[in-house]
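Data from protein-v5.cif: mmCIF, C-alpha atoms
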data_model
loop_
_atom_site.label_atom_id
_atom_site.label_comp_id
_atom_site.auth_asym_id
_atom_site.auth_seq_id
_atom_site.Cartn_x
_atom_site.Cartn_y
_atom_site.Cartn_z
CA MET I 8 95.93 132.24 80.20
CA ALA I 9 96.64 133.07 76.56
CA ASP I 10 99.35 130.38 76.54
CA PHE I 11 96.84 127.60 77.32
CA SER I 12 95.86 127.03 73.71
CA GLN I 13 99.46 127.16 72.45
CA VAL I 14 101.45 124.98 74.86
CA ARG I 15 101.82 121.22 74.33
CA LYS I 16 100.02 119.39 77.12
CA PHE I 17 99.59 115.79 78.20
CA ASP I 18 96.82 114.57 80.53
CA ALA I 19 98.49 111.47 81.94
CA HIS I 20 95.45 110.00 83.70
CA VAL I 21 92.06 109.80 81.99
CA HIS I 22 89.52 107.09 81.22
CA ALA I 23 88.06 107.02 77.70
CA ASN I 24 85.68 104.10 78.12
CA THR I 25 83.87 104.43 74.81
CA PRO I 26 85.10 104.61 71.21
CA ASP I 27 83.04 107.78 70.71
CA PRO I 28 85.54 110.45 69.60
CA ALA I 29 84.24 113.37 71.73
CA PHE I 30 87.07 113.09 74.29
CA LEU I 31 89.70 112.93 71.57
CA GLU I 32 88.13 115.87 69.76
CA GLN I 33 88.23 118.03 72.89
CA ALA I 34 91.82 117.03 73.53
CA ARG I 35 92.67 118.10 70.01
CA ALA I 36 90.86 121.42 70.48
CA ASP I 37 92.68 122.17 73.75
CA GLY I 38 96.12 120.93 72.72
CA PHE I 39 96.28 117.78 74.84
CA GLU I 40 97.62 114.32 74.36
CA LEU I 41 95.85 111.71 76.50
CA LEU I 42 96.83 108.59 78.40
CA SER I 43 93.64 106.58 78.87
CA ILE I 44 94.04 104.01 81.62
CA ASN I 45 92.21 100.68 81.53
CA VAL I 46 91.29 99.63 85.05
CA ASP I 47 89.63 96.65 86.75
CA TYR I 48 86.84 98.77 88.24
CA PRO I 49 83.34 97.26 88.54
CA ASP I 50 81.62 100.60 87.79
CA PHE I 51 83.41 100.80 84.41
CA PRO I 52 82.77 98.74 81.29
CA SER I 53 84.58 95.41 81.23
CA ILE I 54 88.35 95.36 80.73
CA ALA I 55 87.73 93.95 77.24
CA ARG I 56 85.44 96.86 76.30
CA GLN I 57 87.88 99.42 77.69
CA HIS I 58 90.64 97.74 75.69
CA ALA I 59 88.56 97.88 72.50
CA ALA I 60 87.78 101.57 73.03
CA ALA I 61 91.47 102.34 73.53
CA LEU I 62 92.47 100.55 70.35
CA ALA I 63 89.78 102.33 68.36
CA LEU I 64 90.75 105.80 69.58
CA ALA I 65 94.47 105.13 69.19
CA ALA I 66 93.81 104.10 65.61
CA ARG I 67 92.01 107.41 65.03
CA ASP I 68 94.91 109.53 66.31
CA PRO I 69 97.98 107.59 67.46
CA THR I 70 100.03 110.72 68.07
CA ARG I 71 97.47 112.18 70.50
CA PHE I 72 95.78 109.18 72.10
CA HIS I 73 97.78 106.71 74.21
CA TRP I 74 96.63 104.00 76.60
CA ALA I 75 97.60 101.85 79.56
CA THR I 76 96.50 98.27 79.98
CA THR I 77 95.53 96.31 83.08
CA PHE I 78 94.75 92.75 84.16
CA SER I 79 92.11 90.89 86.13
CA MET I 80 92.84 89.46 89.54
CA LYS I 81 90.40 86.59 88.96
CA GLY I 82 92.21 83.32 89.46
CA PHE I 83 95.06 84.88 91.41
CA GLY I 84 97.07 82.18 93.16
CA THR I 85 95.87 79.38 90.89
CA PRO I 86 98.22 77.51 88.52
CA GLY I 87 98.88 79.43 85.33
CA TRP I 88 97.48 82.79 86.49
CA ALA I 89 100.78 84.66 86.33
CA ASP I 90 101.63 83.12 82.95
CA ARG I 91 98.26 84.19 81.53
CA VAL I 92 98.69 87.73 82.85
CA ASP I 93 102.24 87.94 81.52
CA ALA I 94 101.10 86.83 78.07
CA LYS I 95 98.25 89.35 78.05
CA LEU I 96 100.53 92.21 79.05
CA ALA I 97 103.05 91.26 76.38
CA ARG I 98 100.30 91.29 73.73
CA ASP I 99 98.99 94.64 74.94
CA VAL I 100 102.41 96.30 74.97
CA ALA I 101 103.03 94.96 71.47
CA ALA I 102 99.69 96.56 70.48
CA GLY I 103 100.80 99.94 71.87
CA ALA I 104 100.14 100.07 75.63
CA LEU I 105 102.52 102.48 77.39
CA ALA I 106 101.89 101.33 80.96
CA VAL I 107 100.14 98.78 83.18
CA LYS I 108 97.62 99.80 85.85
CA VAL I 109 97.14 98.17 89.25
CA TRP I 110 93.97 99.35 90.95
CA LYS I 111 92.98 99.69 94.61
CA ASN I 112 91.14 96.36 94.54
CA VAL I 113 94.60 95.03 95.40
CA GLY I 114 94.71 95.78 99.11
CA LEU I 115 91.05 96.65 99.60
CA ALA I 116 88.86 94.09 97.81
CA GLU I 117 90.51 91.03 96.26
CA ARG I 118 90.99 88.02 98.53
CA GLY I 119 93.01 84.86 98.16
CA ALA I 120 91.90 81.29 98.72
CA ASP I 121 92.61 81.74 102.43
CA GLY I 122 90.10 84.60 102.61
CA LYS I 123 92.76 87.20 103.35
CA LEU I 124 93.12 90.41 101.38
CA ILE I 125 95.70 90.27 98.61
CA MET I 126 98.20 93.04 99.27
CA LEU I 127 100.43 94.75 96.73
CA ASP I 128 103.57 93.16 98.19
CA ASP I 129 102.15 89.64 97.94
CA PRO I 130 104.84 87.38 96.42
CA GLY I 131 102.31 86.26 93.83
CA LEU I 132 102.37 89.71 92.24
CA ALA I 133 106.16 89.87 91.99
CA PRO I 134 106.30 88.01 88.64
CA VAL I 135 103.83 90.50 87.17
CA ALA I 136 105.94 93.43 88.37
CA GLU I 137 109.00 91.81 86.80
CA GLN I 138 107.12 91.31 83.53
CA VAL I 139 106.16 94.99 83.46
CA ARG I 140 109.78 95.94 84.02
CA ALA I 141 110.98 93.53 81.33
CA LEU I 142 108.46 94.92 78.85
CA GLY I 143 109.98 98.37 79.33
CA VAL I 144 106.82 100.21 80.38
CA ALA I 145 105.67 101.97 83.53
CA LEU I 146 103.49 100.56 86.28
CA ILE I 147 100.75 102.92 87.48
CA ASP I 148 99.54 102.03 90.96
CA HIS I 149 96.44 103.30 92.73
CA GLN I 150 97.09 102.13 96.25
CA GLY I 151 94.50 102.67 98.94
CA GLU I 152 92.41 105.83 98.99
CA PRO I 153 92.85 109.48 99.95
CA ARG I 154 93.47 109.87 103.66
CA ASN I 155 90.01 111.46 103.95
CA CYS I 156 88.60 107.97 103.38
CA TRP I 157 89.48 107.03 106.96
CA LEU I 158 87.93 110.19 108.47
CA PRO I 159 84.35 111.11 109.38
CA LEU I 160 82.59 113.09 106.64
CA ASP I 161 82.68 116.30 108.68
CA GLN I 162 86.47 116.02 109.07
CA MET I 163 87.23 115.57 105.36
CA THR I 164 88.99 118.44 103.66
CA THR I 165 87.21 118.44 100.28
CA ASP I 166 83.61 118.17 99.13
CA ASN I 167 84.47 115.80 96.29
CA ASP I 168 85.72 113.22 98.80
CA ARG I 169 82.61 113.71 100.93
CA GLU I 170 80.41 113.17 97.89
CA TYR I 171 82.31 110.16 96.55
CA PHE I 172 82.54 108.24 99.82
CA SER I 173 78.97 109.01 100.84
CA LYS I 174 77.87 107.50 97.51
CA HIS I 175 80.34 104.59 97.65
CA PRO I 176 80.13 103.26 101.22
CA GLU I 177 81.80 100.05 100.07
CA TYR I 178 85.01 102.08 99.60
CA TYR I 179 84.57 104.33 102.66
CA MET I 180 87.05 102.84 105.10
CA TYR I 181 85.81 104.86 108.07
CA LEU I 182 82.77 102.56 107.97
CA HIS I 183 84.93 99.43 107.78
CA PRO I 184 87.26 99.19 110.79
CA GLU I 185 87.93 95.55 109.86
CA MET I 186 89.79 96.74 106.73
CA PRO I 187 93.45 97.82 106.52
CA ARG I 188 94.27 101.25 107.91
CA TYR I 189 95.65 104.04 105.75
CA GLU I 190 99.22 103.85 107.07
CA GLU I 191 99.29 100.08 106.60
CA LEU I 192 98.47 100.45 102.90
CA MET I 193 101.09 103.15 102.46
CA ALA I 194 103.70 100.90 104.11
CA VAL I 195 102.74 98.00 101.82
CA ARG I 196 103.12 100.22 98.78
CA ASP I 197 106.52 101.44 99.94
CA ARG I 198 107.71 97.86 100.47
CA PHE I 199 106.61 97.02 96.93
CA VAL I 200 108.46 99.98 95.40
CA ALA I 201 111.58 99.16 97.42
CA ALA I 202 111.46 95.52 96.31
CA HIS I 203 111.14 96.49 92.64
CA SER I 204 113.58 99.36 92.48
CA LYS I 205 114.19 98.97 88.73
CA LEU I 206 110.48 99.24 87.93
CA ARG I 207 109.34 102.56 86.51
CA PHE I 208 106.70 103.35 89.17
CA VAL I 209 103.97 105.99 88.96
CA GLY I 210 101.95 106.66 92.11
CA ALA I 211 98.49 107.57 90.87
CA HIS I 212 96.59 110.32 92.66
CA LEU I 213 99.75 111.79 94.23
CA ALA I 214 100.52 108.30 95.57
CA SER I 215 97.54 108.68 97.96
CA LEU I 216 99.65 111.16 99.95
CA GLU I 217 97.66 114.09 98.57
CA TYR I 218 96.88 115.66 101.93
CA ASP I 219 100.48 116.74 102.67
CA VAL I 220 103.08 117.86 100.14
CA ASP I 221 105.76 117.04 102.74
CA ARG I 222 104.65 113.39 102.68
CA ILE I 223 104.78 113.36 98.88
CA ALA I 224 108.24 114.91 99.00
CA ALA I 225 109.43 112.24 101.46
CA PHE I 226 108.12 109.50 99.15
CA LEU I 227 109.87 111.00 96.12
CA ASP I 228 113.10 111.47 98.10
CA ARG I 229 113.03 107.84 99.24
CA PHE I 230 112.32 106.50 95.74
CA PRO I 231 114.25 108.69 93.29
CA ASP I 232 113.00 106.81 90.21
CA ALA I 233 109.31 107.09 91.09
CA SER I 234 106.85 109.71 89.82
CA VAL I 235 103.36 110.74 90.87
CA ASP I 236 100.36 111.98 88.93
CA MET I 237 97.89 114.58 90.20
CA ALA I 238 94.70 112.95 88.95
CA ALA I 239 91.59 113.89 90.97
CA ARG I 240 93.68 115.43 93.75
CA MET I 241 94.08 119.05 92.65
CA SER I 242 91.59 120.28 95.25
CA GLN I 243 93.68 118.63 97.98
CA VAL I 244 96.72 120.57 96.79
CA GLN I 245 94.67 123.76 96.58
CA TYR I 246 93.42 123.20 100.13
CA GLN I 247 97.05 123.31 101.26
CA SER I 248 98.05 126.25 99.09
CA VAL I 249 95.27 128.41 100.54
CA ARG I 250 97.03 127.92 103.88
CA ASP I 251 100.64 128.17 102.64
CA ARG I 252 100.95 129.09 98.98
CA GLU I 253 104.73 129.40 98.96
CA LYS I 254 105.22 125.98 100.51
CA VAL I 255 103.12 124.35 97.79
CA ARG I 256 104.70 126.42 95.04
CA ASN I 257 108.19 125.49 96.25
CA PHE I 258 107.17 121.82 96.26
CA PHE I 259 106.18 122.00 92.59
CA ILE I 260 109.42 123.73 91.68
CA ARG I 261 111.64 121.36 93.68
CA TYR I 262 109.98 118.22 92.26
CA GLN I 263 109.29 119.56 88.79
CA ASP I 264 110.82 116.46 87.18
CA ARG I 265 108.67 114.00 89.13
CA LEU I 266 105.13 115.36 88.78
CA LEU I 267 102.70 114.41 86.01
CA TYR I 268 99.62 116.45 85.19
CA GLY I 269 96.46 114.34 85.21
CA THR I 270 92.76 114.81 85.84
CA ASP I 271 90.95 111.43 86.05
CA LEU I 272 88.39 112.75 83.55
CA THR I 273 86.14 109.82 82.65
CA TYR I 274 84.05 109.53 79.49
CA GLY I 275 81.64 106.61 79.69
CA PRO I 276 79.27 105.07 77.16
CA ASP I 277 76.22 106.84 78.63
CA ALA I 278 77.72 110.34 78.84
CA ASP I 279 76.41 113.22 76.75
CA PRO I 280 79.23 114.12 74.33
CA ALA I 281 78.63 117.88 74.31
CA GLU I 282 78.29 118.08 78.09
CA PHE I 283 81.44 116.02 78.60
CA ARG I 284 83.40 118.25 76.26
CA ARG I 285 82.31 121.30 78.25
CA GLU I 286 83.29 119.65 81.53
CA ALA I 287 86.69 118.55 80.22
CA HIS I 288 87.49 121.99 78.86
CA ALA I 289 86.42 123.66 82.11
CA ALA I 290 88.57 121.31 84.20
CA TRP I 291 91.64 121.79 82.02
CA VAL I 292 91.27 125.59 82.00
CA SER I 293 90.76 125.73 85.77
CA ASP I 294 93.86 123.66 86.46
CA TRP I 295 95.91 125.76 84.04
CA ARG I 296 94.76 128.93 85.80
CA TYR I 297 95.87 127.49 89.14
CA LEU I 298 99.24 126.11 88.05
CA ALA I 299 100.38 128.54 85.35
CA THR I 300 99.00 131.92 86.44
CA GLY I 301 98.75 134.05 89.55
CA GLU I 302 95.01 134.58 89.09
CA SER I 303 92.60 133.64 91.86
CA GLN I 304 89.54 131.48 91.32
CA HIS I 305 86.82 130.11 93.56
CA VAL I 306 87.09 126.36 94.09
CA ASP I 307 83.75 124.95 95.17
CA MET I 308 85.23 121.67 96.42
CA ILE I 309 87.03 123.47 99.24
CA GLY I 310 84.76 126.54 99.45
CA ALA I 311 87.62 129.00 99.05
CA ASP I 312 89.20 131.50 96.70
CA VAL I 313 92.50 129.97 95.59
CA PRO I 314 95.37 132.09 94.19
CA GLY I 315 97.33 130.57 91.34
CA LEU I 316 100.86 129.30 91.83
CA ALA I 317 102.29 131.10 88.76
CA LEU I 318 104.85 128.36 88.22
CA PRO I 319 107.78 129.20 85.95
CA ARG I 320 107.30 128.32 82.30
CA ALA I 321 110.05 125.71 82.38
CA VAL I 322 108.27 123.95 85.26
CA ILE I 323 104.93 124.05 83.47
CA ASP I 324 106.47 122.54 80.35
CA LYS I 325 107.78 119.60 82.38
CA ILE I 326 104.67 118.96 84.47
CA TYR I 327 102.33 119.32 81.52
CA TYR I 328 104.33 117.49 78.88
CA ALA I 329 108.01 116.56 79.11
CA ASN I 330 107.71 114.38 82.23
CA ALA I 331 104.91 112.27 80.79
CA ARG I 332 106.79 111.83 77.54
CA ARG I 333 109.82 110.59 79.49
CA VAL I 334 108.01 108.40 82.03
CA PHE I 335 105.79 106.68 79.44
CA ALA I 336 108.44 106.21 76.79
CA ARG I 337 108.82 102.50 76.12
CA SER I 338 112.37 101.35 76.84
CA GLY I 339 114.27 100.19 73.80
CA ARG I 340 111.56 101.40 71.40
#

Rewritten as structure tokens:
Amino acid sequence: MADFSQVRKFDAHVHANTPDPAFLEQARADGFELLSINVDYPDFPSIARQHAAALALAARDPTRFHWATTFSMKGFGTPGWADRVDAKLARDVAAGALAVKVWKNVGLAERGADGKLIMLDDPGLAPVAEQVRALGVALIDHQGEPRNCWLPLDQMTTDNDREYFSKHPEYYMYLHPEMPRYEELMAVRDRFVAAHSKLRFVGAHLASLEYDVDRIAAFLDRFPDASVDMAARMSQVQYQSVRDREKVRNFFIRYQDRLLYGTDLTYGPDADPAEFRREAHAAWVSDWRYLATGESQHVDMIGADVPGLALPRAVIDKIYYANARRVFARSGR
């Protein structure tokens, strides 16, 4: 644990949705760089406000604060939509964006003029994927939901999923049998990655395969240029390691070049700065204890004592820093 304050670290999936510097200050105190991801999420401030917050914080500390841009699906399929999105992404990358985010509204919410859901492999999104590739940045995709989303509450594996989906029934697919099934969304995502093999692809939230490290391994084996981040899925990994610690530990070691540390910590305009700083520090320390040490800790989300993985230092250095620096480096810059 003494190494926590000394090792360079990079949280590759956060949301700093306000220009208030509390998040940046805590990152500085705990030795983190941040990638704040703009996202087309109705519960967040507008894309424009997220963009403004990112620019303000990056101006404060450009070596520690980084950001990813996104785009609105409004007008998809109408003349000029792709050109407008391409121009916006080019401006944002020129202003410093290191990646582009596609959110789960693609596949689960947005509909075309025909009333059908717009899926990630829709031909209308191909020009945007090509623009991201040409700009030399990564595409971060949140496709679907955790597999728990399609299960009854009492069959879910983690309390955080039970809480989230009970509070967000609009995203709880068990209640919506008319919506795409989990495996359908995973197949759509895989078709997209296969079709854009030269795109630097990051599967957010362990590519929504969080429930089974073997499934994540199969995805990474199939797509050798793809990476995944761990944001908001650590308890799913811990659930598995309680049952087979060595299997999970071996997964981290085998795929040490393909895994990005991330938390999904979100700092909104209405949050209390001091309380958020405490929560961020606690989350970062807990994850470090699990990944870097052999110490046990109680994880409320799964109601179990979880032994740490005690990953080798070289693996920690990659997962916590070197991989993010490589994946989010802008090509040719």

Open item on the list: Considering all atoms listed in the file, can you say which of I:Val322, I:Ile147, I:Val244, I:Ala281 comes closest to Ala299 in chain I?
Closed with: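 Once distances to Ala299 in chain I are computed over all atoms listed in the file, the minimum belongs to I:Val322.
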
Task: Picked residues, the PyMOL selection byres ((chain I and resi 151) around 8), expected as number ranges by chain - done: I: 111, 114-115, 149-150, 152-153, 189, 192-193, 215

Task: Option closest in space to Lys123 in chain I, from I:Pro231, I:Gly315, I:Pro187, I:Gly275 [counting only C-alpha atoms] - done: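 Among the listed residues, I:Pro187 lies closest to Lys123 in chain I.
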
Task: Top pick for closest residue to Leu206 in chain I, considering I:Ala141, I:Ala104, I:Val313, I:Met308 and counting all atoms listed in the file - done: I:Ala141

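Reported to one decimal place, the separation of CA of Ile326 in chain I from CA of Gln243 in chain I is 17.4 Å.
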
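If you look at CA of Asp232 in chain I and CA of Phe208 in chain I, they are 7.3 Å away from each other.
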
TODO: Run the PyMOL selection byres ((chain I and resi 241) around 12) on the file and write out the hits as an MDAnalysis selection string.
DONE: chainID I and resid 165 167:168 212:213 217:218 220 236:240 242:248 255 267:271 290:291 293:295 297:298 306 308:309 313

Task: Selected residue, from I:Leu64, I:Leu132, I:Val139, I:Leu124, that lies nearest to Pro26 in chain I when counting only C-alpha atoms - done: I:Leu64

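The two atoms in question, CA of Gly210 in chain I and CA of Leu146 in chain I, are spaced 8.6 Å apart.
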
TODO: Considering all atoms listed in the file, state which residue in the set I:Pro130, I:Val235, I:Arg261, I:Glu170 is at the smallest distance from Phe199 in chain I.
DONE: I:Pro130

- [ ] Identify which of the residues I:Ala102, I:Arg207, I:Ala94, I:Pro276 lies closest to Ser53 in chain I, counting all atoms listed in the file when measuring atom-to-atom distances.
- [x]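 Ranked by minimum distance to Ser53 in chain I, first place goes to I:Pro276.
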
Dump of range 150-233 of chain I from preceding block, C-alpha atoms, as a PDB file, in the first residue's frame:
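This went into decode-v2.pdb:
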ATOM      1  CA  GLN I 150     -22.229  -1.124 -25.881  1.00  0.00           C
ATOM      2  CA  GLY I 151     -25.270  -2.523 -24.133  1.00  0.00           C
ATOM      3  CA  GLU I 152     -25.259  -3.042 -20.380  1.00  0.00           C
ATOM      4  CA  PRO I 153     -23.812  -5.514 -17.885  1.00  0.00           C
ATOM      5  CA  ARG I 154     -25.317  -8.960 -18.321  1.00  0.00           C
ATOM      6  CA  ASN I 155     -27.101  -8.473 -14.989  1.00  0.00           C
ATOM      7  CA  CYS I 156     -29.360  -5.996 -16.798  1.00  0.00           C
ATOM      8  CA  TRP I 157     -31.219  -8.889 -18.420  1.00  0.00           C
ATOM      9  CA  LEU I 158     -31.666 -10.818 -15.147  1.00  0.00           C
ATOM     10  CA  PRO I 159     -34.201 -10.519 -12.317  1.00  0.00           C
ATOM     11  CA  LEU I 160     -32.935  -8.399  -9.421  1.00  0.00           C
ATOM     12  CA  ASP I 161     -32.542 -11.431  -7.161  1.00  0.00           C
ATOM     13  CA  GLN I 162     -30.302 -13.144  -9.739  1.00  0.00           C
ATOM     14  CA  MET I 163     -27.900 -10.222 -10.196  1.00  0.00           C
ATOM     15  CA  THR I 164     -24.408 -10.724  -8.863  1.00  0.00           C
ATOM     16  CA  THR I 165     -23.706  -7.240  -7.437  1.00  0.00           C
ATOM     17  CA  ASP I 166     -25.631  -4.766  -5.325  1.00  0.00           C
ATOM     18  CA  ASN I 167     -24.530  -1.796  -7.430  1.00  0.00           C
ATOM     19  CA  ASP I 168     -26.301  -3.283 -10.462  1.00  0.00           C
ATOM     20  CA  ARG I 169     -29.400  -3.992  -8.380  1.00  0.00           C
ATOM     21  CA  GLU I 170     -29.425  -0.399  -7.163  1.00  0.00           C
ATOM     22  CA  TYR I 171     -28.765   1.184 -10.555  1.00  0.00           C
ATOM     23  CA  PHE I 172     -31.350  -0.781 -12.515  1.00  0.00           C
ATOM     24  CA  SER I 173     -34.004  -0.521  -9.827  1.00  0.00           C
ATOM     25  CA  LYS I 174     -33.567   3.273 -10.010  1.00  0.00           C
ATOM     26  CA  HIS I 175     -33.316   3.378 -13.820  1.00  0.00           C
ATOM     27  CA  PRO I 176     -36.093   1.093 -15.079  1.00  0.00           C
ATOM     28  CA  GLU I 177     -35.787   2.697 -18.510  1.00  0.00           C
ATOM     29  CA  TYR I 178     -32.397   0.964 -18.840  1.00  0.00           C
ATOM     30  CA  TYR I 179     -33.386  -2.291 -17.107  1.00  0.00           C
ATOM     31  CA  MET I 180     -33.764  -4.661 -20.039  1.00  0.00           C
ATOM     32  CA  TYR I 181     -35.353  -7.445 -17.985  1.00  0.00           C
ATOM     33  CA  LEU I 182     -38.434  -5.195 -17.914  1.00  0.00           C
ATOM     34  CA  HIS I 183     -38.305  -4.600 -21.665  1.00  0.00           C
ATOM     35  CA  PRO I 184     -38.533  -7.885 -23.586  1.00  0.00           C
ATOM     36  CA  GLU I 185     -39.228  -5.891 -26.755  1.00  0.00           C
ATOM     37  CA  MET I 186     -35.645  -4.563 -26.654  1.00  0.00           C
ATOM     38  CA  PRO I 187     -32.528  -6.294 -28.032  1.00  0.00           C
ATOM     39  CA  ARG I 188     -31.170  -9.177 -25.990  1.00  0.00           C
ATOM     40  CA  TYR I 189     -27.711  -9.123 -24.436  1.00  0.00           C
ATOM     41  CA  GLU I 190     -26.111 -11.538 -26.902  1.00  0.00           C
ATOM     42  CA  GLU I 191     -27.545  -9.623 -29.853  1.00  0.00           C
ATOM     43  CA  LEU I 192     -25.828  -6.421 -28.698  1.00  0.00           C
ATOM     44  CA  MET I 193     -22.552  -8.226 -28.151  1.00  0.00           C
ATOM     45  CA  ALA I 194     -22.744  -9.682 -31.672  1.00  0.00           C
ATOM     46  CA  VAL I 195     -23.447  -6.226 -33.128  1.00  0.00           C
ATOM     47  CA  ARG I 196     -20.431  -4.808 -31.325  1.00  0.00           C
ATOM     48  CA  ASP I 197     -18.208  -7.611 -32.569  1.00  0.00           C
ATOM     49  CA  ARG I 198     -19.354  -7.037 -36.154  1.00  0.00           C
ATOM     50  CA  PHE I 199     -18.488  -3.355 -35.789  1.00  0.00           C
ATOM     51  CA  VAL I 200     -14.997  -4.064 -34.456  1.00  0.00           C
ATOM     52  CA  ALA I 201     -14.390  -6.625 -37.214  1.00  0.00           C
ATOM     53  CA  ALA I 202     -15.528  -4.158 -39.881  1.00  0.00           C
ATOM     54  CA  HIS I 203     -13.212  -1.427 -38.564  1.00  0.00           C
ATOM     55  CA  SER I 204     -10.132  -3.457 -37.803  1.00  0.00           C
ATOM     56  CA  LYS I 205      -7.776  -0.469 -38.112  1.00  0.00           C
ATOM     57  CA  LEU I 206      -9.724   1.550 -35.543  1.00  0.00           C
ATOM     58  CA  ARG I 207      -8.162   1.792 -32.098  1.00  0.00           C
ATOM     59  CA  PHE I 208     -11.101   0.339 -30.126  1.00  0.00           C
ATOM     60  CA  VAL I 209     -11.631   0.499 -26.358  1.00  0.00           C
ATOM     61  CA  GLY I 210     -14.474  -1.549 -24.911  1.00  0.00           C
ATOM     62  CA  ALA I 211     -15.713   0.469 -21.947  1.00  0.00           C
ATOM     63  CA  HIS I 212     -16.752  -1.386 -18.805  1.00  0.00           C
ATOM     64  CA  LEU I 213     -14.805  -4.532 -19.743  1.00  0.00           C
ATOM     65  CA  ALA I 214     -16.653  -4.492 -23.083  1.00  0.00           C
ATOM     66  CA  SER I 215     -19.857  -5.420 -21.191  1.00  0.00           C
ATOM     67  CA  LEU I 216     -18.401  -8.911 -20.741  1.00  0.00           C
ATOM     68  CA  GLU I 217     -17.625  -8.210 -17.088  1.00  0.00           C
ATOM     69  CA  TYR I 218     -19.330 -11.299 -15.709  1.00  0.00           C
ATOM     70  CA  ASP I 219     -16.795 -13.778 -17.141  1.00  0.00           C
ATOM     71  CA  VAL I 220     -13.069 -13.213 -17.617  1.00  0.00           C
ATOM     72  CA  ASP I 221     -13.091 -16.069 -20.154  1.00  0.00           C
ATOM     73  CA  ARG I 222     -15.507 -14.063 -22.331  1.00  0.00           C
ATOM     74  CA  ILE I 223     -13.284 -10.995 -22.056  1.00  0.00           C
ATOM     75  CA  ALA I 224     -10.269 -13.113 -22.981  1.00  0.00           C
ATOM     76  CA  ALA I 225     -12.082 -14.493 -26.041  1.00  0.00           C
ATOM     77  CA  PHE I 226     -12.938 -10.947 -27.155  1.00  0.00           C
ATOM     78  CA  LEU I 227      -9.336  -9.789 -26.756  1.00  0.00           C
ATOM     79  CA  ASP I 228      -8.042 -12.883 -28.565  1.00  0.00           C
ATOM     80  CA  ARG I 229     -10.414 -12.288 -31.479  1.00  0.00           C
ATOM     81  CA  PHE I 230      -9.531  -8.588 -31.751  1.00  0.00           C
ATOM     82  CA  PRO I 231      -5.816  -8.251 -30.979  1.00  0.00           C
ATOM     83  CA  ASP I 232      -5.795  -4.458 -31.380  1.00  0.00           C
ATOM     84  CA  ALA I 233      -8.685  -3.827 -28.981  1.00  0.00           C
TER      85      ALA I 233
END
